[in-house]
$ cat structure27.cif   # mmCIF, C-alpha atoms
data_work
#
loop_
_atom_site.group_PDB
_atom_site.id
_atom_site.type_symbol
_atom_site.label_atom_id
_atom_site.label_comp_id
_atom_site.auth_asym_id
_atom_site.auth_seq_id
_atom_site.Cartn_x
_atom_site.Cartn_y
_atom_site.Cartn_z
ATOM 1 C CA TYR Z 1 121.266 130.875 137.182
ATOM 2 C CA ASN Z 2 122.984 130.193 140.484
ATOM 3 C CA PRO Z 3 121.916 129.790 143.134
ATOM 4 C CA THR Z 4 118.688 127.994 142.268
ATOM 5 C CA TYR Z 5 116.396 126.728 145.017
ATOM 6 C CA THR Z 6 113.305 124.655 144.300
ATOM 7 C CA LYS Z 7 110.719 123.122 146.580
ATOM 8 C CA SER Z 8 107.910 120.859 145.404
ATOM 9 C CA GLN Z 9 105.076 119.697 147.632
ATOM 10 C CA GLU Z 10 102.120 117.410 146.912
ATOM 11 C CA LEU Z 11 99.235 117.178 149.369
ATOM 12 C CA GLY Z 12 96.406 114.819 148.538
ATOM 13 C CA LEU Z 13 93.338 113.074 149.818
ATOM 14 C CA VAL Z 14 91.967 109.975 148.055
ATOM 15 C CA ASP Z 15 89.113 107.710 149.080
ATOM 16 C CA THR Z 16 87.125 104.893 147.470
ATOM 17 C CA ILE Z 17 83.987 103.123 148.629
ATOM 18 C CA THR Z 18 82.666 99.772 147.347
ATOM 19 C CA TYR Z 19 79.063 98.580 147.464
ATOM 20 C CA LEU Z 20 78.141 94.978 146.621
ATOM 21 C CA VAL Z 21 74.551 94.322 145.611
ATOM 22 C CA GLY Z 22 73.439 91.179 143.783
ATOM 23 C CA ASN Z 23 75.718 90.621 140.811
ATOM 24 C CA HIS Z 24 76.982 94.240 140.846
ATOM 25 C CA ASN Z 25 80.206 95.524 142.354
ATOM 26 C CA VAL Z 26 79.739 99.299 142.426
ATOM 27 C CA ARG Z 27 82.706 101.522 143.316
ATOM 28 C CA GLY Z 28 82.958 105.249 143.671
ATOM 29 C CA GLY Z 29 85.656 107.574 144.795
ATOM 30 C CA ALA Z 30 87.178 111.000 144.761
ATOM 31 C CA SER Z 31 90.549 112.651 145.057
ATOM 32 C CA VAL Z 32 91.801 116.144 145.777
ATOM 33 C CA ARG Z 33 95.404 117.194 145.313
ATOM 34 C CA GLN Z 34 97.247 120.457 145.840
ATOM 35 C CA SER Z 35 100.545 120.787 143.974
ATOM 36 C CA LYS Z 36 102.983 123.492 145.013
ATOM 37 C CA PHE Z 37 106.195 124.429 143.266
ATOM 38 C CA ASP Z 38 108.442 127.191 144.569
ATOM 39 C CA LEU Z 39 111.369 128.473 142.525
ATOM 40 C CA PHE Z 40 114.040 130.974 143.498
ATOM 41 C CA GLN Z 41 116.649 131.639 140.850
ATOM 42 C CA ILE Z 42 119.196 134.355 140.127
ATOM 43 C CA PRO Z 43 119.848 134.533 136.359
ATOM 44 C CA GLN Z 44 121.872 137.745 135.722
ATOM 45 C CA PRO Z 45 120.857 140.362 138.304
ATOM 46 C CA ARG Z 46 124.064 142.350 137.781
ATOM 47 C CA GLY Z 47 123.876 142.058 134.025
ATOM 48 C CA ALA Z 48 125.933 140.484 131.276
ATOM 49 C CA PHE Z 49 128.094 142.570 128.970
ATOM 50 C CA ARG Z 50 129.606 141.544 125.642
ATOM 51 C CA PHE Z 51 132.418 143.364 123.928
ATOM 52 C CA SER Z 52 133.014 142.520 120.266
ATOM 53 C CA GLY Z 53 135.522 145.157 119.193
ATOM 54 C CA GLU Z 54 133.022 146.807 116.864
ATOM 55 C CA PHE Z 55 133.849 150.297 118.215
ATOM 56 C CA THR Z 56 137.661 150.222 118.379
ATOM 57 C CA GLY Z 57 138.552 147.054 116.518
ATOM 58 C CA GLU Z 58 139.620 145.287 119.727
ATOM 59 C CA PRO Z 59 137.210 143.704 122.266
ATOM 60 C CA LEU Z 60 139.506 144.549 125.201
ATOM 61 C CA ALA Z 61 139.723 148.216 124.136
ATOM 62 C CA ASP Z 62 135.888 148.355 123.855
ATOM 63 C CA ALA Z 63 135.666 146.905 127.398
ATOM 64 C CA LEU Z 64 138.162 149.422 128.824
ATOM 65 C CA LEU Z 65 136.162 152.263 127.268
ATOM 66 C CA GLY Z 66 132.817 150.764 128.409
ATOM 67 C CA TYR Z 67 131.461 150.333 124.886
ATOM 68 C CA ALA Z 68 129.483 147.115 125.093
ATOM 69 C CA SER Z 69 128.074 145.630 121.906
ATOM 70 C CA GLN Z 70 125.355 143.843 123.904
ATOM 71 C CA THR Z 71 124.042 144.116 127.461
ATOM 72 C CA ASP Z 72 121.522 141.978 129.336
ATOM 73 C CA ILE Z 73 119.963 142.222 132.769
ATOM 74 C CA GLN Z 74 117.289 139.966 134.244
ATOM 75 C CA ASN Z 75 115.177 140.019 137.364
ATOM 76 C CA ILE Z 76 115.504 137.525 140.164
ATOM 77 C CA THR Z 77 112.922 134.762 139.797
ATOM 78 C CA ASP Z 78 110.986 134.082 142.982
ATOM 79 C CA VAL Z 79 107.646 132.333 142.417
ATOM 80 C CA LYS Z 80 105.366 130.232 144.574
ATOM 81 C CA ASN Z 81 103.000 128.347 142.256
ATOM 82 C CA THR Z 82 99.934 126.320 143.225
ATOM 83 C CA THR Z 83 97.689 124.039 141.167
ATOM 84 C CA TRP Z 84 94.613 122.110 142.342
ATOM 85 C CA TYR Z 85 93.372 118.783 140.955
ATOM 86 C CA TYR Z 86 89.933 117.251 141.614
ATOM 87 C CA ALA Z 87 88.578 113.921 140.376
ATOM 88 C CA ALA Z 88 85.616 111.635 141.032
ATOM 89 C CA PHE Z 89 84.534 108.320 139.544
ATOM 90 C CA LEU Z 90 81.744 105.767 139.595
ATOM 91 C CA GLN Z 91 82.162 102.233 138.196
ATOM 92 C CA ASP Z 92 79.967 99.137 138.041
ATOM 93 C CA ASP Z 93 81.454 95.662 137.492
ATOM 94 C CA TRP Z 94 78.339 93.719 136.488
ATOM 95 C CA ARG Z 95 78.522 89.926 136.361
ATOM 96 C CA VAL Z 96 75.935 89.343 133.615
ATOM 97 C CA THR Z 97 76.421 85.544 133.488
ATOM 98 C CA ASP Z 98 78.871 83.066 135.014
ATOM 99 C CA ASN Z 99 81.248 83.641 132.092
ATOM 100 C CA LEU Z 100 80.634 87.333 131.205
ATOM 101 C CA THR Z 101 81.379 90.449 133.254
ATOM 102 C CA LEU Z 102 80.852 93.985 131.981
ATOM 103 C CA ASN Z 103 82.634 97.036 133.360
ATOM 104 C CA VAL Z 104 80.952 100.426 132.945
ATOM 105 C CA GLY Z 105 82.333 103.583 134.484
ATOM 106 C CA LEU Z 106 82.591 107.330 134.316
ATOM 107 C CA ARG Z 107 85.360 109.571 135.669
ATOM 108 C CA TYR Z 108 85.526 113.361 135.901
ATOM 109 C CA GLU Z 109 88.779 115.302 136.281
ATOM 110 C CA TYR Z 110 89.475 118.994 136.778
ATOM 111 C CA THR Z 111 92.857 120.698 136.972
ATOM 112 C CA SER Z 112 92.917 124.359 137.921
ATOM 113 C CA GLY Z 113 95.196 126.850 136.281
ATOM 114 C CA THR Z 114 98.502 127.502 137.999
ATOM 115 C CA THR Z 115 98.417 130.530 140.269
ATOM 116 C CA GLU Z 116 101.299 132.413 141.842
ATOM 117 C CA SER Z 117 100.961 133.345 145.528
ATOM 118 C CA GLN Z 118 101.243 137.098 144.891
ATOM 119 C CA ASP Z 119 99.693 137.102 141.379
ATOM 120 C CA ARG Z 120 103.042 137.912 139.754
ATOM 121 C CA GLN Z 121 102.162 136.352 136.402
ATOM 122 C CA SER Z 122 101.496 137.953 133.056
ATOM 123 C CA ASN Z 123 100.787 136.904 129.478
ATOM 124 C CA PHE Z 124 100.892 138.679 126.152
ATOM 125 C CA ASP Z 125 97.658 138.599 124.129
ATOM 126 C CA PHE Z 126 98.732 138.557 120.482
ATOM 127 C CA ALA Z 127 95.184 139.295 119.286
ATOM 128 C CA THR Z 128 94.938 142.600 121.171
ATOM 129 C CA GLY Z 129 98.609 143.441 121.675
ATOM 130 C CA GLN Z 130 97.974 143.816 125.415
ATOM 131 C CA ILE Z 131 99.848 142.493 128.424
ATOM 132 C CA LEU Z 132 97.469 140.584 130.685
ATOM 133 C CA VAL Z 133 98.297 140.705 134.396
ATOM 134 C CA ALA Z 134 97.000 138.053 136.780
ATOM 135 C CA ASN Z 135 93.985 139.053 138.867
ATOM 136 C CA GLN Z 136 93.729 142.517 137.286
ATOM 137 C CA ASP Z 137 91.289 144.071 134.816
ATOM 138 C CA GLY Z 138 88.981 141.046 134.959
ATOM 139 C CA ASN Z 139 91.745 138.499 134.297
ATOM 140 C CA SER Z 140 91.794 135.270 136.283
ATOM 141 C CA ARG Z 141 94.628 134.522 138.688
ATOM 142 C CA SER Z 142 95.956 131.824 136.324
ATOM 143 C CA LEU Z 143 95.452 133.765 133.055
ATOM 144 C CA ILE Z 144 94.106 130.713 131.226
ATOM 145 C CA ASN Z 145 90.740 129.229 130.378
ATOM 146 C CA VAL Z 146 90.574 125.913 132.191
ATOM 147 C CA GLN Z 147 89.049 122.857 130.528
ATOM 148 C CA GLU Z 148 85.983 121.943 132.569
ATOM 149 C CA ASN Z 149 84.397 119.103 130.559
ATOM 150 C CA ASN Z 150 86.860 116.276 131.244
ATOM 151 C CA PHE Z 151 84.334 113.444 131.468
ATOM 152 C CA ALA Z 152 85.980 110.100 130.772
ATOM 153 C CA PRO Z 153 83.720 107.078 130.119
ATOM 154 C CA ARG Z 154 85.128 103.546 130.467
ATOM 155 C CA LEU Z 155 83.753 100.292 129.044
ATOM 156 C CA GLY Z 156 85.185 96.806 129.384
ATOM 157 C CA PHE Z 157 84.384 93.123 129.469
ATOM 158 C CA ALA Z 158 85.798 89.795 130.596
ATOM 159 C CA TRP Z 159 84.461 86.673 128.841
ATOM 160 C CA THR Z 160 85.359 83.038 129.533
ATOM 161 C CA PRO Z 161 84.541 80.961 126.424
ATOM 162 C CA GLY Z 162 82.720 77.772 127.335
ATOM 163 C CA GLY Z 163 82.855 78.669 131.034
ATOM 164 C CA THR Z 164 85.865 76.366 131.610
ATOM 165 C CA GLY Z 165 88.085 79.022 133.145
ATOM 166 C CA GLN Z 166 91.080 78.029 130.996
ATOM 167 C CA TRP Z 167 90.796 81.045 128.719
ATOM 168 C CA VAL Z 168 89.659 84.599 129.367
ATOM 169 C CA VAL Z 169 89.099 87.201 126.666
ATOM 170 C CA ARG Z 170 89.298 90.753 127.953
ATOM 171 C CA GLY Z 171 88.742 94.049 126.214
ATOM 172 C CA GLY Z 172 88.145 97.628 127.069
ATOM 173 C CA TRP Z 173 87.868 101.177 125.908
ATOM 174 C CA GLY Z 174 88.229 104.423 127.765
ATOM 175 C CA MET Z 175 88.966 108.098 127.494
ATOM 176 C CA PHE Z 176 91.850 109.483 129.515
ATOM 177 C CA TYR Z 177 93.118 112.988 130.182
ATOM 178 C CA ASN Z 178 96.690 113.935 130.888
ATOM 179 C CA ASN Z 179 96.312 116.575 133.560
ATOM 180 C CA GLN Z 180 99.956 117.493 133.898
ATOM 181 C CA GLU Z 181 100.335 120.803 135.644
ATOM 182 C CA PRO Z 182 103.005 123.202 134.460
ATOM 183 C CA ARG Z 183 105.752 123.584 137.028
ATOM 184 C CA THR Z 184 106.782 127.140 136.229
ATOM 185 C CA ALA Z 185 104.767 130.183 135.237
ATOM 186 C CA PHE Z 186 106.246 133.650 135.073
#
$ encode --input "structure27.cif" --output "structure tokens"
Amino acid sequence: YNPTYTKSQELGLVDTITYLVGNHNVRGGASVRQSKFDLFQIPQPRGAFRFSGEFTGEPLADALLGYASQTDIQNITDVKNTTWYYAAFLQDDWRVTDNLTLNVGLRYEYTSGTTESQDRQSNFDFATGQILVANQDGNSRSLINVQENNFAPRLGFAWTPGGTGQWVVRGGWGMFYNNQEPRTAF
């Protein structure tokens, strides 16, 4: 697997806006990110040969006669993968009383499937026994069904018992998605 060359690039745009009205602090924002991962790798382009001696009794004699017990050859790996990530959120920090604040929010996240620049990806469909090739025969470029319903609500509170400011009780709940993109796809 030598030489191996990798290049990773992240390009992103993130922005948030805040609007204060009465006892509400409303924030909203969005982000877009493009993740690229290029990989060039030479595994065994000239092949690998194993000689066990199963033909003559001696591995060296098998090698001199060209009788390999196992042979392997692999293609050069040269992929240029891209994944897109989109997210948007809206949150309201509502000061209900002097000693109680509620946080209510909703976030949406979408991660595209990983695509290769020249659609050199394939998958095997065990149900049909077919090889699926990217961007052919009605297949998507990423060969996967992307999750599109990643809505993540958030709820929280901050309460100061007695309003003295010495103690604050905080709590919260939220849904989160781990949108980790795969870094290789062949």
$ residues_around --input "structure27.cif" --residues "Gly22 (chain Z)" --least-positions-apart "6" --cutoff "12 Å" --atoms "only C-alpha atoms" --output "compact mmCIF listing (two decimals) with C-alpha atoms, keeping the file's coordinate frame"
# COMPACT_ATOMS: atom_id res chain seq x y z
CA ASP Z 92 79.97 99.14 138.04
CA ASP Z 93 81.45 95.66 137.49
CA TRP Z 94 78.34 93.72 136.49
CA ARG Z 95 78.52 89.93 136.36
CA VAL Z 96 75.94 89.34 133.62
$ residues_around --input "structure27.cif" --residues "region 4-6 of chain Z" --least-positions-apart "2" --cutoff "8 Å" --atoms "all atoms listed in the file" --output "ChimeraX atom specification"
/Z:1-2,8,37-42
$ resolve_selection --input "structure27.cif" --expression "the PyMOL selection byres ((chain Z and resi 113) around 10)" --output "list in words"
Asn81, Thr82, Thr83, Trp84, Tyr85, Tyr110, Thr111, Ser112, Thr114, Thr115, Glu116, Ser140, Arg141, Ser142, Leu143, Ile144, Asn145, Val146, Gln147, Glu181 and Pro182 of chain Z
$ write_last_selection --input "structure27.cif" --atoms "C-alpha atoms" --output "short mmCIF file (atom, residue, chain, number, x, y, z; two decimals), keeping the file's coordinate frame"
data_model
loop_
_atom_site.label_atom_id
_atom_site.label_comp_id
_atom_site.auth_asym_id
_atom_site.auth_seq_id
_atom_site.Cartn_x
_atom_site.Cartn_y
_atom_site.Cartn_z
CA ASN Z 81 103.00 128.35 142.26
CA THR Z 82 99.93 126.32 143.22
CA THR Z 83 97.69 124.04 141.17
CA TRP Z 84 94.61 122.11 142.34
CA TYR Z 85 93.37 118.78 140.96
CA TYR Z 110 89.48 118.99 136.78
CA THR Z 111 92.86 120.70 136.97
CA SER Z 112 92.92 124.36 137.92
CA THR Z 114 98.50 127.50 138.00
CA THR Z 115 98.42 130.53 140.27
CA GLU Z 116 101.30 132.41 141.84
CA SER Z 140 91.79 135.27 136.28
CA ARG Z 141 94.63 134.52 138.69
CA SER Z 142 95.96 131.82 136.32
CA LEU Z 143 95.45 133.76 133.06
CA ILE Z 144 94.11 130.71 131.23
CA ASN Z 145 90.74 129.23 130.38
CA VAL Z 146 90.57 125.91 132.19
CA GLN Z 147 89.05 122.86 130.53
CA GLU Z 181 100.34 120.80 135.64
CA PRO Z 182 103.00 123.20 134.46
#
$ atom_distance --input "structure27.cif" --atom1 "CA of Leu102 (chain Z)" --atom2 "CA of Thr164 (chain Z)"
18.3 Å
$ atom_distance --input "structure27.cif" --atom1 "CA of Ala158 (chain Z)" --atom2 "CA of Thr101 (chain Z)"
5.2 Å
$ closest_residue --input "structure27.cif" --among "Z:Thr18, Z:Thr128, Z:Gln91, Z:Thr71" --to "Gly47 (chain Z)" --atoms "all atoms listed in the file"
Z:Thr71
$ closest_residue --input "structure27.cif" --among "Z:Gly12, Z:Ala152, Z:Asn178, Z:Gly129" --to "Gln34 (chain Z)" --atoms "only C-alpha atoms"
Z:Gly12
$ residues_around --input "structure27.cif" --residues "Phe176 (chain Z)" --least-positions-apart "4" --cutoff "10 Å" --atoms "all atoms listed in the file" --output "PyMOL selection string"
chain Z and resi 107-109+150-154
$ atom_distance --input "structure27.cif" --atom1 "CA of Ala48 (chain Z)" --atom2 "CA of Val133 (chain Z)"
27.8 Å
$ resolve_selection --input "structure27.cif" --expression "the PyMOL selection byres ((chain Z and resi 121) around 6)" --output "count of residues only"
5
$ closest_atom_pairs --input "structure27.cif" --of "region 61-180 of chain Z" --to "region 28-33 of chain Z" --cutoff "6 Å" --atoms "only C-alpha atoms" --output "tab-separated table"
residue	atom	partner	partner_atom	distance
Z:Trp84	CA	Z:Arg33	CA	5.8
Z:Tyr85	CA	Z:Arg33	CA	5.1
Z:Tyr86	CA	Z:Val32	CA	4.7
Z:Ala87	CA	Z:Ser31	CA	5.2
Z:Ala88	CA	Z:Ala30	CA	4.1
Z:Phe89	CA	Z:Gly28	CA	5.4
Z:Leu90	CA	Z:Gly28	CA	4.3
$ resolve_selection --input "structure27.cif" --expression "the PyMOL selection byres ((chain Z and resi 76) around 8)" --output "VMD selection string"
chain Z and resid 40 to 45 74 to 75 77 to 78
$ closest_residue --input "structure27.cif" --among "Z:Leu20, Z:Leu65, Z:Val79, Z:Leu11" --to "Ser35 (chain Z)" --atoms "only C-alpha atoms"
Z:Leu11
$ closest_residue --input "structure27.cif" --among "Z:Tyr177, Z:Phe126, Z:Asn103, Z:Glu54" --to "Gly156 (chain Z)" --atoms "only C-alpha atoms"
Z:Asn103
$ axis_aligned_box --input "structure27.cif" --around "region 66-69 of chain Z" --padding-each-side "6 Å" --output "AutoDock Vina command-line options"
--center_x 130.4 --center_y 148.2 --center_z 125.2 --size_x 16.7 --size_y 17.1 --size_z 18.5
